[in-house]
Amino acid sequence: MSNQKFNLENIILPEISSRLLSITSAKYGNDWESHLHNHYFTEIFYIKKGTGHMVIESETLTLRPNTLVLIGSQVQHTEVSNPSDPLDYYVLGVEGLKIHTDRPIEYSIIYSPPESSSIRKCFESILHEMNHKQEGYAQICQHHLAILILLICRKDHVSYELVEPQSSSKECHKAKRYIETHYHDKITLDRLAGICNLTKYYLSHKFKDLYGKAPMAYLTEVRINAAKDLLLTANYSIEEVASATGFSSASYFSQAFQKSCQMSPQEYRKSKGNR
């Protein structure tokens with residue numbers, strides 16, 4: 001009988017607690033739209049097939065099969081496919097992960113990593129688990145993500161740092177309370193983001209997660225509810241109601257009210273017995 005036994009060394013293992021948000025399997029088609037954008041989370045691309053290039057800020061990178069691209073949060077980027085050799089790739093959205101590289105822009109590209117078969121298997125396993133959603137799938141996906149990060153970081157020019165996600169229910173609640181108390185003022189998404197010290201993209205995403213709608217949609221809801229009260233309790237004209245509740249014009253107010261209540265402000269007032 002022949003045995004091989006390996007003992008794990010007595011070392012302190014780092015905890016990898018970044019959170020997997022999503023996985024996408026994408027392939028170029030005629031409906032492909034390429035435009036610069038960014039996210040509040042880190043993205044990890046794996047090119048399965050095809051060729052093209054990735055624009056990251058002012059840099060352009062060649063894409064070919066078996067390429068990994070890691071792009072940090074808030075970094076402007078877009079992928080562009082070669083129409084004659086369409087890109088086919090996976091991309092993960094990961095919260096709480098910061099990639100350290102020797103570049104001023106937070107990104108890294110790795111062509112044909114030595115552990116490519118294991119790396120691809122991590123993507124495929126995550127996609128399988130997310131697609132079937134059997135018991136424990138979320139935990140299994142997180143474990144595959146942790147393995148993937150460790151495999152990627154075996155390259156000596158790539159390392160990572162766990163960071164506190166920008167996510168904060170406290171900050172989103174601050175935005176919500178600000179809307180509720182200042183709805184009659186001019187409020188923009190940029191202004192809300194500045195008050196909360198979050199990016200507007202992140203605020204929109206997290207606010208919707210917490211409250212079921214984006215900040216500006218919630219602002220409109222608050223204004224409509226305030227307008228309903230004024231229509232029933234005050235002898236205001238439609239123009240005065242619109243102005244008092246923060247709408248930029250009576251026509252925009254009427255349009256928003258109609259969309260929300262399926263009737264005009266005048267019809268609402270009459271339906272409640274007010275003239």
# chains A, B, ... in the order shown; residues from 1 in each chain; ligands from 1

call {"tool": "residues_around", "arguments": {"residues": "Glu115 in chain A", "least_positions_apart": "6", "cutoff": "10 Å", "atoms": "only C-alpha atoms", "output": "mmCIF file with N, CA and C atoms, in the first residue's frame"}}
result
data_model
loop_
_atom_site.group_PDB
_atom_site.id
_atom_site.type_symbol
_atom_site.label_atom_id
_atom_site.label_comp_id
_atom_site.auth_asym_id
_atom_site.auth_seq_id
_atom_site.Cartn_x
_atom_site.Cartn_y
_atom_site.Cartn_z
ATOM 1 N N LEU A 148 -10.905 31.697 -6.347
ATOM 2 C CA LEU A 148 -10.537 32.443 -7.549
ATOM 3 C C LEU A 148 -9.578 33.585 -7.224
ATOM 4 N N LEU A 151 -6.133 32.263 -6.477
ATOM 5 C CA LEU A 151 -5.452 31.808 -7.690
ATOM 6 C C LEU A 151 -4.934 32.992 -8.502
ATOM 7 N N ILE A 152 -5.755 34.021 -8.622
ATOM 8 C CA ILE A 152 -5.337 35.209 -9.375
ATOM 9 C C ILE A 152 -4.132 35.865 -8.714
ATOM 10 N N ARG A 154 -1.756 34.669 -7.126
ATOM 11 C CA ARG A 154 -0.484 33.967 -7.223
ATOM 12 C C ARG A 154 0.471 34.673 -8.190
ATOM 13 N N LYS A 155 -0.088 35.494 -9.063
ATOM 14 C CA LYS A 155 0.773 36.323 -9.911
ATOM 15 C C LYS A 155 1.397 37.395 -9.026
#

call {"tool": "residues_around", "arguments": {"residues": "His143 in chain A", "least_positions_apart": "5", "cutoff": "12 Å", "atoms": "only C-alpha atoms", "output": "ChimeraX atom specification"}}
result
/A:15-20,122-123,125-126,129,136-138,148-150

call {"tool": "write_last_selection", "arguments": {"atoms": "N, CA and C atoms", "output": "PDB file, in the first residue's frame"}}
result
ATOM      1  N   GLU A  15      -8.616  36.066   6.101  1.00  0.00           N
ATOM      2  CA  GLU A  15     -10.030  35.900   5.798  1.00  0.00           C
ATOM      3  C   GLU A  15     -10.365  36.704   4.544  1.00  0.00           C
ATOM      4  N   ILE A  16     -10.997  36.033   3.586  1.00  0.00           N
ATOM      5  CA  ILE A  16     -11.421  36.701   2.359  1.00  0.00           C
ATOM      6  C   ILE A  16     -12.937  36.858   2.437  1.00  0.00           C
ATOM      7  N   SER A  17     -13.374  38.055   2.781  1.00  0.00           N
ATOM      8  CA  SER A  17     -14.800  38.260   3.047  1.00  0.00           C
ATOM      9  C   SER A  17     -15.448  39.191   2.038  1.00  0.00           C
ATOM     10  N   SER A  18     -14.811  39.345   0.859  1.00  0.00           N
ATOM     11  CA  SER A  18     -15.460  40.133  -0.178  1.00  0.00           C
ATOM     12  C   SER A  18     -16.742  39.422  -0.598  1.00  0.00           C
ATOM     13  N   ARG A  19     -17.687  40.190  -1.087  1.00  0.00           N
ATOM     14  CA  ARG A  19     -19.023  39.657  -1.363  1.00  0.00           C
ATOM     15  C   ARG A  19     -19.276  39.570  -2.857  1.00  0.00           C
ATOM     16  N   LEU A  20     -19.664  38.384  -3.314  1.00  0.00           N
ATOM     17  CA  LEU A  20     -20.036  38.202  -4.710  1.00  0.00           C
ATOM     18  C   LEU A  20     -21.412  38.811  -4.938  1.00  0.00           C
ATOM     19  N   CYS A 122     -13.658  27.961 -11.683  1.00  0.00           N
ATOM     20  CA  CYS A 122     -14.317  28.760 -10.639  1.00  0.00           C
ATOM     21  C   CYS A 122     -15.487  29.549 -11.225  1.00  0.00           C
ATOM     22  N   PHE A 123     -15.249  30.193 -12.369  1.00  0.00           N
ATOM     23  CA  PHE A 123     -16.330  30.937 -13.029  1.00  0.00           C
ATOM     24  C   PHE A 123     -17.484  30.007 -13.395  1.00  0.00           C
ATOM     25  N   SER A 125     -18.295  27.115 -12.138  1.00  0.00           N
ATOM     26  CA  SER A 125     -18.982  26.592 -10.951  1.00  0.00           C
ATOM     27  C   SER A 125     -19.913  27.634 -10.356  1.00  0.00           C
ATOM     28  N   ILE A 126     -19.455  28.891 -10.308  1.00  0.00           N
ATOM     29  CA  ILE A 126     -20.306  29.971  -9.797  1.00  0.00           C
ATOM     30  C   ILE A 126     -21.549  30.123 -10.676  1.00  0.00           C
ATOM     31  N   GLU A 129     -23.968  27.252 -10.016  1.00  0.00           N
ATOM     32  CA  GLU A 129     -24.666  27.387  -8.741  1.00  0.00           C
ATOM     33  C   GLU A 129     -25.720  28.501  -8.790  1.00  0.00           C
ATOM     34  N   GLY A 136     -27.783  26.076  -0.239  1.00  0.00           N
ATOM     35  CA  GLY A 136     -26.395  26.422   0.061  1.00  0.00           C
ATOM     36  C   GLY A 136     -25.631  27.033  -1.102  1.00  0.00           C
ATOM     37  N   TYR A 137     -26.333  27.368  -2.190  1.00  0.00           N
ATOM     38  CA  TYR A 137     -25.622  27.852  -3.381  1.00  0.00           C
ATOM     39  C   TYR A 137     -24.861  29.151  -3.128  1.00  0.00           C
ATOM     40  N   ALA A 138     -25.433  30.045  -2.306  1.00  0.00           N
ATOM     41  CA  ALA A 138     -24.771  31.334  -2.073  1.00  0.00           C
ATOM     42  C   ALA A 138     -23.429  31.134  -1.367  1.00  0.00           C
ATOM     43  N   LEU A 148     -10.905  31.697  -6.347  1.00  0.00           N
ATOM     44  CA  LEU A 148     -10.537  32.443  -7.549  1.00  0.00           C
ATOM     45  C   LEU A 148      -9.578  33.585  -7.224  1.00  0.00           C
ATOM     46  N   ILE A 149      -9.889  34.347  -6.177  1.00  0.00           N
ATOM     47  CA  ILE A 149      -9.038  35.476  -5.805  1.00  0.00           C
ATOM     48  C   ILE A 149      -7.639  35.006  -5.439  1.00  0.00           C
ATOM     49  N   LEU A 150      -7.546  33.913  -4.704  1.00  0.00           N
ATOM     50  CA  LEU A 150      -6.232  33.385  -4.317  1.00  0.00           C
ATOM     51  C   LEU A 150      -5.450  32.899  -5.535  1.00  0.00           C
TER      52      LEU A 150
END

call {"tool": "residues_around", "arguments": {"residues": "range 173-181 of chain A", "least_positions_apart": "2", "cutoff": "8 Å", "atoms": "only C-alpha atoms", "output": "ChimeraX atom specification"}}
result
/A:169-171,183,187,192-193,195-196,215,219,222

call {"tool": "select_by_dssp", "arguments": {"residues": "range 76-269 of chain A", "states": "strand (DSSP E)", "output": "JSON, numbers by chain"}}
result
{"A": [77, 78, 79, 80, 81, 88, 89, 90, 91, 92, 93, 94, 95, 97, 98, 99, 100, 107, 108, 109, 110, 111, 159, 160, 161, 162]}

call {"tool": "write_last_selection", "arguments": {"atoms": "N, CA and C atoms", "output": "compact mmCIF listing (two decimals), in the first residue's frame"}}
result
# COMPACT_ATOMS: atom_id res chain seq x y z
N HIS A 77 -14.64 52.20 -17.97
CA HIS A 77 -14.19 51.16 -18.88
C HIS A 77 -15.31 50.74 -19.82
N THR A 78 -14.94 50.07 -20.88
CA THR A 78 -15.90 49.41 -21.77
C THR A 78 -15.17 48.36 -22.58
N GLU A 79 -15.86 47.30 -22.94
CA GLU A 79 -15.29 46.25 -23.77
C GLU A 79 -15.83 46.38 -25.19
N VAL A 80 -14.95 46.18 -26.17
CA VAL A 80 -15.30 46.31 -27.58
C VAL A 80 -14.91 45.02 -28.29
N SER A 81 -15.89 44.40 -28.94
CA SER A 81 -15.66 43.11 -29.58
C SER A 81 -15.24 43.26 -31.03
N ASP A 88 -16.69 36.31 -26.06
CA ASP A 88 -17.54 35.45 -25.23
C ASP A 88 -16.84 35.37 -23.89
N TYR A 89 -17.47 35.88 -22.83
CA TYR A 89 -16.74 36.00 -21.58
C TYR A 89 -17.66 35.91 -20.36
N TYR A 90 -17.03 35.70 -19.21
CA TYR A 90 -17.69 35.79 -17.90
C TYR A 90 -17.25 37.10 -17.23
N VAL A 91 -18.10 37.65 -16.40
CA VAL A 91 -17.68 38.78 -15.57
C VAL A 91 -18.38 38.67 -14.21
N LEU A 92 -17.59 38.83 -13.17
CA LEU A 92 -18.10 38.82 -11.80
C LEU A 92 -18.15 40.24 -11.25
N GLY A 93 -19.17 40.56 -10.48
CA GLY A 93 -19.23 41.79 -9.71
C GLY A 93 -18.93 41.46 -8.25
N VAL A 94 -17.91 42.10 -7.69
CA VAL A 94 -17.44 41.76 -6.34
C VAL A 94 -17.35 43.01 -5.49
N GLU A 95 -18.02 43.00 -4.36
CA GLU A 95 -18.02 44.14 -3.43
C GLU A 95 -16.99 43.94 -2.34
N LEU A 97 -13.63 44.50 -2.49
CA LEU A 97 -12.33 44.01 -2.94
C LEU A 97 -11.60 45.12 -3.68
N LYS A 98 -10.39 45.42 -3.24
CA LYS A 98 -9.56 46.43 -3.89
C LYS A 98 -8.32 45.76 -4.43
N ILE A 99 -8.07 45.93 -5.72
CA ILE A 99 -6.91 45.32 -6.37
C ILE A 99 -5.73 46.27 -6.32
N HIS A 100 -4.58 45.76 -5.85
CA HIS A 100 -3.35 46.55 -5.84
C HIS A 100 -2.49 46.16 -7.03
N TYR A 107 -6.43 48.61 -12.16
CA TYR A 107 -6.82 47.49 -13.01
C TYR A 107 -5.61 46.58 -13.19
N SER A 108 -5.88 45.36 -13.61
CA SER A 108 -4.80 44.42 -13.91
C SER A 108 -5.27 43.52 -15.04
N ILE A 109 -4.37 43.19 -15.94
CA ILE A 109 -4.68 42.26 -17.03
C ILE A 109 -3.65 41.15 -17.01
N ILE A 110 -4.12 39.91 -17.11
CA ILE A 110 -3.25 38.74 -17.05
C ILE A 110 -3.57 37.87 -18.26
N TYR A 111 -2.58 37.70 -19.13
CA TYR A 111 -2.74 36.85 -20.30
C TYR A 111 -2.31 35.42 -19.97
N SER A 159 -2.11 41.88 -6.05
CA SER A 159 -2.48 41.60 -4.66
C SER A 159 -3.80 42.29 -4.40
N TYR A 160 -4.40 41.96 -3.29
CA TYR A 160 -5.72 42.52 -3.00
C TYR A 160 -5.78 43.04 -1.58
N GLU A 161 -6.79 43.82 -1.35
CA GLU A 161 -7.06 44.35 -0.01
C GLU A 161 -8.57 44.30 0.20
N LEU A 162 -8.97 43.84 1.36
CA LEU A 162 -10.40 43.87 1.69
C LEU A 162 -10.70 45.26 2.23

call {"tool": "atom_distance", "arguments": {"atom1": "CA of Asp85 in chain A", "atom2": "CA of Trp32 in chain A"}}
result
13.7 Å

call {"tool": "select_by_dssp", "arguments": {"residues": "range 22-257 of chain A", "states": "helix (DSSP H, G or I)", "output": "ChimeraX atom specification"}}
result
/A:116-132,137-152,169-182,189-196,200-211,215-233,238-244,250-257

call {"tool": "closest_residue", "arguments": {"among": "A:Cys261, A:Gln74, A:Ser243, A:Lys121", "to": "Leu145 in chain A", "atoms": "only C-alpha atoms"}}
result
A:Lys121

call {"tool": "residues_around", "arguments": {"residues": "Arg120 in chain A", "least_positions_apart": "6", "cutoff": "9 Å", "atoms": "only C-alpha atoms", "output": "ChimeraX atom specification"}}
result
/A:46,48,66,148

call {"tool": "atom_distance", "arguments": {"atom1": "CA of Tyr268 in chain A", "atom2": "CA of Thr188 in chain A"}}
result
27.7 Å

call {"tool": "closest_residue", "arguments": {"among": "A:Met216, A:Ile147, A:Ile224, A:Ile105", "to": "Ser73 in chain A", "atoms": "only C-alpha atoms"}}
result
A:Ile105
